[in-house]
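Peer 1: If it helps, the file is called upload21.tsv and holds TSV, N, CA and C atoms:
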chain	number	residue	atom	x	y	z
W	1	GLY	N	-1.48	-15.58	-23.84
W	1	GLY	CA	-1.50	-14.14	-24.02
W	1	GLY	C	-1.98	-13.39	-22.78
W	2	ARG	N	-2.19	-14.08	-21.62
W	2	ARG	CA	-2.65	-13.39	-20.41
W	2	ARG	C	-1.58	-13.46	-19.33
W	3	VAL	N	-1.49	-12.42	-18.54
W	3	VAL	CA	-0.61	-12.45	-17.37
W	3	VAL	C	-1.34	-13.22	-16.28
W	4	VAL	N	-0.72	-14.27	-15.79
W	4	VAL	CA	-1.36	-15.08	-14.75
W	4	VAL	C	-0.62	-14.97	-13.42
W	5	GLY	N	0.46	-14.24	-13.41
W	5	GLY	CA	1.20	-14.05	-12.18
W	5	GLY	C	2.17	-12.90	-12.31
W	6	LEU	N	2.62	-12.41	-11.19
W	6	LEU	CA	3.56	-11.30	-11.18
W	6	LEU	C	4.55	-11.55	-10.05
W	7	LEU	N	5.83	-11.42	-10.36
W	7	LEU	CA	6.87	-11.60	-9.36
W	7	LEU	C	7.72	-10.33	-9.35
W	8	ASP	N	7.71	-9.62	-8.23
W	8	ASP	CA	8.46	-8.38	-8.09
W	8	ASP	C	9.33	-8.52	-6.83
W	9	LEU	N	10.63	-8.61	-7.03
W	9	LEU	CA	11.55	-8.84	-5.90
W	9	LEU	C	12.17	-7.56	-5.35
W	10	GLU	N	11.73	-6.41	-5.85
W	10	GLU	CA	12.33	-5.14	-5.43
W	10	GLU	C	12.29	-4.95	-3.92
W	11	ARG	N	11.21	-5.31	-3.28
W	11	ARG	CA	11.06	-5.10	-1.84
W	11	ARG	C	11.02	-6.43	-1.08
W	12	ALA	N	11.72	-7.42	-1.59
W	12	ALA	CA	11.70	-8.76	-0.99
W	12	ALA	C	12.23	-8.71	0.44
W	13	ARG	N	11.58	-9.45	1.33
W	13	ARG	CA	11.98	-9.53	2.74
W	13	ARG	C	11.19	-10.62	3.42
W	14	LEU	N	11.60	-10.99	4.58
W	14	LEU	CA	10.80	-11.89	5.41
W	14	LEU	C	9.81	-11.02	6.16
W	15	ALA	N	8.54	-11.35	6.04
W	15	ALA	CA	7.51	-10.56	6.71
W	15	ALA	C	6.25	-11.40	6.84
W	16	HIS	N	5.34	-10.91	7.61
W	16	HIS	CA	4.04	-11.56	7.76
W	16	HIS	C	3.33	-11.55	6.41
W	17	PRO	N	2.58	-12.61	6.09
W	17	PRO	CA	1.87	-12.65	4.79
W	17	PRO	C	0.95	-11.46	4.54
W	18	LEU	N	0.44	-10.86	5.59
W	18	LEU	CA	-0.43	-9.69	5.40
W	18	LEU	C	0.34	-8.50	4.84
W	19	TYR	N	1.65	-8.47	5.04
W	19	TYR	CA	2.45	-7.36	4.49
W	19	TYR	C	2.37	-7.36	2.97
W	20	ASP	N	2.49	-8.54	2.35
W	20	ASP	CA	2.37	-8.63	0.90
W	20	ASP	C	0.99	-8.21	0.43
W	21	ALA	N	-0.03	-8.66	1.15
W	21	ALA	CA	-1.39	-8.28	0.80
W	21	ALA	C	-1.59	-6.78	0.91
W	22	ALA	N	-1.01	-6.18	1.95
W	22	ALA	CA	-1.13	-4.73	2.14
W	22	ALA	C	-0.43	-3.97	1.02
W	23	TRP	N	0.77	-4.38	0.68
W	23	TRP	CA	1.52	-3.70	-0.38
W	23	TRP	C	0.79	-3.85	-1.72
W	24	GLY	N	0.36	-5.06	-2.02
W	24	GLY	CA	-0.35	-5.29	-3.28
W	24	GLY	C	-1.64	-4.50	-3.36
W	25	THR	N	-2.40	-4.49	-2.27
W	25	THR	CA	-3.65	-3.73	-2.24
W	25	THR	C	-3.39	-2.24	-2.43
W	26	GLY	N	-2.35	-1.74	-1.78
W	26	GLY	CA	-2.02	-0.32	-1.90
W	26	GLY	C	-1.61	0.07	-3.31
W	27	ILE	N	-0.80	-0.76	-3.95
W	27	ILE	CA	-0.36	-0.47	-5.32
W	27	ILE	C	-1.53	-0.48	-6.28
W	28	VAL	N	-2.36	-1.52	-6.18
W	28	VAL	CA	-3.51	-1.60	-7.09
W	28	VAL	C	-4.49	-0.45	-6.81
W	29	SER	N	-4.72	-0.14	-5.54
W	29	SER	CA	-5.63	0.96	-5.19
W	29	SER	C	-5.14	2.29	-5.75
W	30	HIS	N	-3.84	2.47	-5.75
W	30	HIS	CA	-3.27	3.73	-6.25
W	30	HIS	C	-3.34	3.81	-7.78
W	31	HIS	N	-2.93	2.75	-8.45
W	31	HIS	CA	-2.82	2.79	-9.91
W	31	HIS	C	-4.10	2.37	-10.64
W	32	HIS	N	-4.91	1.53	-10.01
W	32	HIS	CA	-6.13	1.02	-10.66
W	32	HIS	C	-7.27	0.97	-9.63
W	33	PRO	N	-7.71	2.12	-9.14
W	33	PRO	CA	-8.71	2.11	-8.08
W	33	PRO	C	-10.00	1.38	-8.44
W	34	ASP	N	-10.35	1.36	-9.72
W	34	ASP	CA	-11.57	0.66	-10.13
W	34	ASP	C	-11.43	-0.86	-10.04
W	35	ARG	N	-10.23	-1.35	-9.95
W	35	ARG	CA	-9.99	-2.80	-9.87
W	35	ARG	C	-9.54	-3.25	-8.48
W	36	ALA	N	-9.38	-2.32	-7.58
W	36	ALA	CA	-8.79	-2.61	-6.27
W	36	ALA	C	-9.59	-3.63	-5.46
W	37	ALA	N	-10.90	-3.46	-5.38
W	37	ALA	CA	-11.71	-4.36	-4.55
W	37	ALA	C	-11.63	-5.80	-5.06
W	38	THR	N	-11.75	-5.97	-6.36
W	38	THR	CA	-11.70	-7.31	-6.94
W	38	THR	C	-10.32	-7.93	-6.78
W	39	ALA	N	-9.28	-7.14	-7.06
W	39	ALA	CA	-7.91	-7.65	-6.95
W	39	ALA	C	-7.58	-8.03	-5.51
W	40	SER	N	-7.98	-7.18	-4.57
W	40	SER	CA	-7.70	-7.46	-3.16
W	40	SER	C	-8.43	-8.72	-2.70
W	41	ALA	N	-9.70	-8.83	-3.06
W	41	ALA	CA	-10.48	-10.02	-2.67
W	41	ALA	C	-9.85	-11.29	-3.24
W	42	SER	N	-9.41	-11.23	-4.49
W	42	SER	CA	-8.78	-12.39	-5.13
W	42	SER	C	-7.47	-12.75	-4.44
W	43	PHE	N	-6.65	-11.74	-4.13
W	43	PHE	CA	-5.38	-11.98	-3.46
W	43	PHE	C	-5.61	-12.63	-2.10
W	44	LEU	N	-6.53	-12.05	-1.32
W	44	LEU	CA	-6.79	-12.59	0.01
W	44	LEU	C	-7.33	-14.01	-0.05
W	45	ALA	N	-8.23	-14.27	-0.98
W	45	ALA	CA	-8.78	-15.62	-1.12
W	45	ALA	C	-7.68	-16.61	-1.50
W	46	ALA	N	-6.82	-16.24	-2.44
W	46	ALA	CA	-5.75	-17.13	-2.87
W	46	ALA	C	-4.76	-17.41	-1.74
W	47	ALA	N	-4.57	-16.42	-0.86
W	47	ALA	CA	-3.63	-16.57	0.26
W	47	ALA	C	-4.30	-17.20	1.48
W	48	GLY	N	-5.62	-17.43	1.41
W	48	GLY	CA	-6.32	-18.02	2.55
W	48	GLY	C	-6.48	-17.06	3.71
W	49	ILE	N	-6.58	-15.78	3.42
W	49	ILE	CA	-6.71	-14.74	4.44
W	49	ILE	C	-8.16	-14.26	4.45
W	50	ALA	N	-8.76	-14.19	5.65
W	50	ALA	CA	-10.14	-13.73	5.77
W	50	ALA	C	-10.27	-12.28	5.30
W	51	ALA	N	-11.28	-12.02	4.52
W	51	ALA	CA	-11.53	-10.66	4.02
W	51	ALA	C	-12.60	-10.01	4.89
W	52	ASP	N	-12.20	-9.63	6.10
W	52	ASP	CA	-13.14	-9.01	7.03
W	52	ASP	C	-12.65	-7.63	7.44
W	53	ARG	N	-13.43	-6.96	8.26
W	53	ARG	CA	-13.11	-5.58	8.68
W	53	ARG	C	-11.79	-5.51	9.45
W	54	SER	N	-11.54	-6.49	10.28
W	54	SER	CA	-10.29	-6.52	11.05
W	54	SER	C	-9.08	-6.63	10.13
W	55	THR	N	-9.18	-7.50	9.14
W	55	THR	CA	-8.10	-7.65	8.16
W	55	THR	C	-7.89	-6.36	7.39
W	56	ALA	N	-8.99	-5.70	7.00
W	56	ALA	CA	-8.89	-4.44	6.26
W	56	ALA	C	-8.14	-3.39	7.06
W	57	ARG	N	-8.37	-3.35	8.36
W	57	ARG	CA	-7.66	-2.37	9.20
W	57	ARG	C	-6.17	-2.68	9.26
W	58	VAL	N	-5.84	-3.96	9.44
W	58	VAL	CA	-4.43	-4.35	9.49
W	58	VAL	C	-3.76	-4.07	8.15
W	59	LEU	N	-4.46	-4.36	7.05
W	59	LEU	CA	-3.89	-4.09	5.72
W	59	LEU	C	-3.61	-2.60	5.55
W	60	GLY	N	-4.52	-1.75	6.03
W	60	GLY	CA	-4.31	-0.31	5.94
W	60	GLY	C	-3.10	0.14	6.73
W	61	ILE	N	-2.96	-0.38	7.94
W	61	ILE	CA	-1.82	0.00	8.79
W	61	ILE	C	-0.50	-0.49	8.18
W	62	LEU	N	-0.48	-1.75	7.73
W	62	LEU	CA	0.75	-2.28	7.11
W	62	LEU	C	1.05	-1.56	5.79
W	63	GLY	N	0.02	-1.21	5.05
W	63	GLY	CA	0.22	-0.44	3.81
W	63	GLY	C	0.83	0.91	4.11
W	64	ALA	N	0.35	1.56	5.17
W	64	ALA	CA	0.92	2.85	5.58
W	64	ALA	C	2.39	2.69	5.97
W	65	LEU	N	2.70	1.61	6.66
W	65	LEU	CA	4.10	1.34	7.02
W	65	LEU	C	4.97	1.19	5.78
W	66	ALA	N	4.48	0.44	4.79
W	66	ALA	CA	5.24	0.25	3.55
W	66	ALA	C	5.45	1.59	2.84
W	67	CYS	N	4.43	2.43	2.83
W	67	CYS	CA	4.56	3.75	2.21
W	67	CYS	C	5.53	4.64	2.99
W	68	LEU	N	5.50	4.53	4.31
W	68	LEU	CA	6.45	5.30	5.13
W	68	LEU	C	7.89	4.88	4.83
W	69	GLU	N	8.10	3.58	4.62
W	69	GLU	CA	9.44	3.10	4.25
W	69	GLU	C	9.89	3.70	2.92
W	70	ALA	N	8.98	3.73	1.95
W	70	ALA	CA	9.32	4.32	0.65
W	70	ALA	C	9.58	5.81	0.80
W	71	LEU	N	8.78	6.48	1.61
W	71	LEU	CA	8.97	7.91	1.85
W	71	LEU	C	10.32	8.19	2.50
W	72	ALA	N	10.68	7.37	3.48
W	72	ALA	CA	11.96	7.56	4.18
W	72	ALA	C	13.16	7.33	3.28
W	73	ALA	N	12.99	6.50	2.25
W	73	ALA	CA	14.11	6.20	1.34
W	73	ALA	C	14.36	7.31	0.32
W	74	LEU	N	13.42	8.23	0.18
W	74	LEU	CA	13.58	9.30	-0.80
W	74	LEU	C	14.47	10.42	-0.25
W	75	PRO	N	15.27	11.04	-1.11
W	75	PRO	CA	16.05	12.18	-0.64
W	75	PRO	C	15.14	13.35	-0.30
W	76	ARG	N	15.54	14.16	0.65
W	76	ARG	CA	14.73	15.31	1.09
W	76	ARG	C	14.42	16.27	-0.05
W	77	ARG	N	15.29	16.35	-1.02
W	77	ARG	CA	15.07	17.30	-2.12
W	77	ARG	C	13.98	16.84	-3.08
W	78	ALA	N	13.55	15.60	-2.98
W	78	ALA	CA	12.51	15.07	-3.86
W	78	ALA	C	11.13	15.42	-3.28
W	79	VAL	N	10.84	16.71	-3.19
W	79	VAL	CA	9.66	17.20	-2.49
W	79	VAL	C	8.36	16.66	-3.08
W	80	ASP	N	8.21	16.70	-4.40
W	80	ASP	CA	6.96	16.23	-5.00
W	80	ASP	C	6.75	14.73	-4.78
W	81	GLU	N	7.82	13.95	-4.90
W	81	GLU	CA	7.70	12.50	-4.67
W	81	GLU	C	7.38	12.21	-3.21
W	82	ARG	N	8.02	12.95	-2.31
W	82	ARG	CA	7.75	12.76	-0.89
W	82	ARG	C	6.30	13.11	-0.56
W	83	ARG	N	5.80	14.19	-1.18
W	83	ARG	CA	4.41	14.59	-0.97
W	83	ARG	C	3.46	13.48	-1.45
W	84	GLU	N	3.78	12.88	-2.60
W	84	GLU	CA	2.95	11.80	-3.14
W	84	GLU	C	2.93	10.60	-2.19
W	85	TRP	N	4.09	10.22	-1.67
W	85	TRP	CA	4.12	9.08	-0.75
W	85	TRP	C	3.39	9.41	0.55
W	86	ALA	N	3.45	10.66	0.99
W	86	ALA	CA	2.70	11.06	2.19
W	86	ALA	C	1.20	10.93	1.93
W	87	ARG	N	0.76	11.28	0.72
W	87	ARG	CA	-0.66	11.09	0.36
W	87	ARG	C	-1.03	9.60	0.38
W	88	ARG	N	-0.10	8.77	-0.09
W	88	ARG	CA	-0.37	7.33	-0.08
W	88	ARG	C	-0.50	6.80	1.34
W	89	VAL	N	0.33	7.31	2.25
W	89	VAL	CA	0.22	6.94	3.66
W	89	VAL	C	-1.18	7.28	4.15
W	90	ALA	N	-1.63	8.49	3.86
W	90	ALA	CA	-2.96	8.92	4.29
W	90	ALA	C	-4.04	8.04	3.68
W	91	GLY	N	-3.89	7.67	2.42
W	91	GLY	CA	-4.87	6.80	1.77
W	91	GLY	C	-4.96	5.44	2.45
W	92	CYS	N	-3.82	4.88	2.82
W	92	CYS	CA	-3.81	3.59	3.52
W	92	CYS	C	-4.51	3.71	4.86
W	93	LEU	N	-4.23	4.78	5.58
W	93	LEU	CA	-4.87	4.96	6.88
W	93	LEU	C	-6.36	5.22	6.73
W	94	ASP	N	-6.74	5.93	5.67
W	94	ASP	CA	-8.17	6.13	5.39
W	94	ASP	C	-8.86	4.79	5.15
W	95	ARG	N	-8.22	3.92	4.35
W	95	ARG	CA	-8.80	2.60	4.09
W	95	ARG	C	-8.91	1.78	5.37
W	96	ALA	N	-8.02	2.04	6.31
W	96	ALA	CA	-8.06	1.35	7.60
W	96	ALA	C	-9.02	2.03	8.56
W	97	GLN	N	-9.66	3.09	8.09
W	97	GLN	CA	-10.59	3.89	8.88
W	97	GLN	C	-9.92	4.50	10.11
W	98	LEU	N	-8.69	4.96	9.88
W	98	LEU	CA	-7.93	5.70	10.90
W	98	LEU	C	-7.74	7.11	10.39
W	99	SER	N	-7.59	8.05	11.25
W	99	SER	CA	-7.43	9.43	10.80
W	99	SER	C	-5.95	9.78	10.73
W	100	PHE	N	-5.62	10.60	9.77
W	100	PHE	CA	-4.25	11.08	9.58
W	100	PHE	C	-4.36	12.47	8.98
W	101	PRO	N	-4.13	13.52	9.78
W	101	PRO	CA	-4.32	14.87	9.25
W	101	PRO	C	-3.25	15.22	8.21
W	102	ILE	N	-3.70	15.53	7.02
W	102	ILE	CA	-2.78	15.93	5.96
W	102	ILE	C	-3.56	16.84	5.02
W	103	VAL	N	-2.88	17.82	4.49
W	103	VAL	CA	-3.50	18.70	3.51
W	103	VAL	C	-3.50	17.96	2.19
W	104	ARG	N	-4.65	17.82	1.57
W	104	ARG	CA	-4.76	17.08	0.31
W	104	ARG	C	-4.80	18.03	-0.85
Write the structure described by the file as structure tokens, please.
Peer 2:
Amino acid sequence: GRVVGLLDLERARLAHPLYDAAWGTGIVSHHHPDRAATASASFLAAAGIAADRSTARVLGILGALACLEALAALPRRAVDERREWARRVAGCLDRAQLSFPIVR
């Protein structure tokens, strides 16, 4: 009765393993912020990736890239959705401790 794994092929591609960690961390941070730290730590540990400040910065940058890809795929007329993805880009950069000027 428990979910022990999740397989989502929507954005499947060949990429560095940190890309998956960045996307997963970003999704959980957005939808379940109270669970983000635990989920991210578990994901990184299972993947054998060090959970240090340097990794956190790379995850933020790669997460921002993934959000930019989603933003670019939206039609220009989808203003509210585009605004939401722009906020997600800013959130990823904030987590990476980088600045990104945006009106919130």
Peer 1: What lies within 7 Å of stretch 61-72 of chain W using only N, CA and C atoms, ignoring chain neighbours under 3 positions off, as a PyMOL selection string?
Peer 2: chain W and resi 18-19+22-23+26+56-58+75+81-82+85-86+88-90+92-93+95-96
Peer 1: In Å to one decimal, how far is atom N of W:Ser40 from atom N of W:Ala15?
Peer 2: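 Separation of atom N of W:Ala15 and atom N of W:Ser40: 20.1 Å.
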Peer 1: Could you check which of W:Arg76, W:Leu44, W:Glu84, W:Asp52 is closest to W:Ala21, using all atoms listed in the file?
Peer 2: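 Comparing W:Arg76, W:Leu44, W:Glu84, W:Asp52 against W:Ala21, the winner is W:Leu44.
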Peer 1: Could you check how far atom CA of W:His30 sits from atom CA of W:Gly48, in Å to one decimal?
Peer 2: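 Computed distance, atom CA of W:His30 to atom CA of W:Gly48, equals 23.7 Å.
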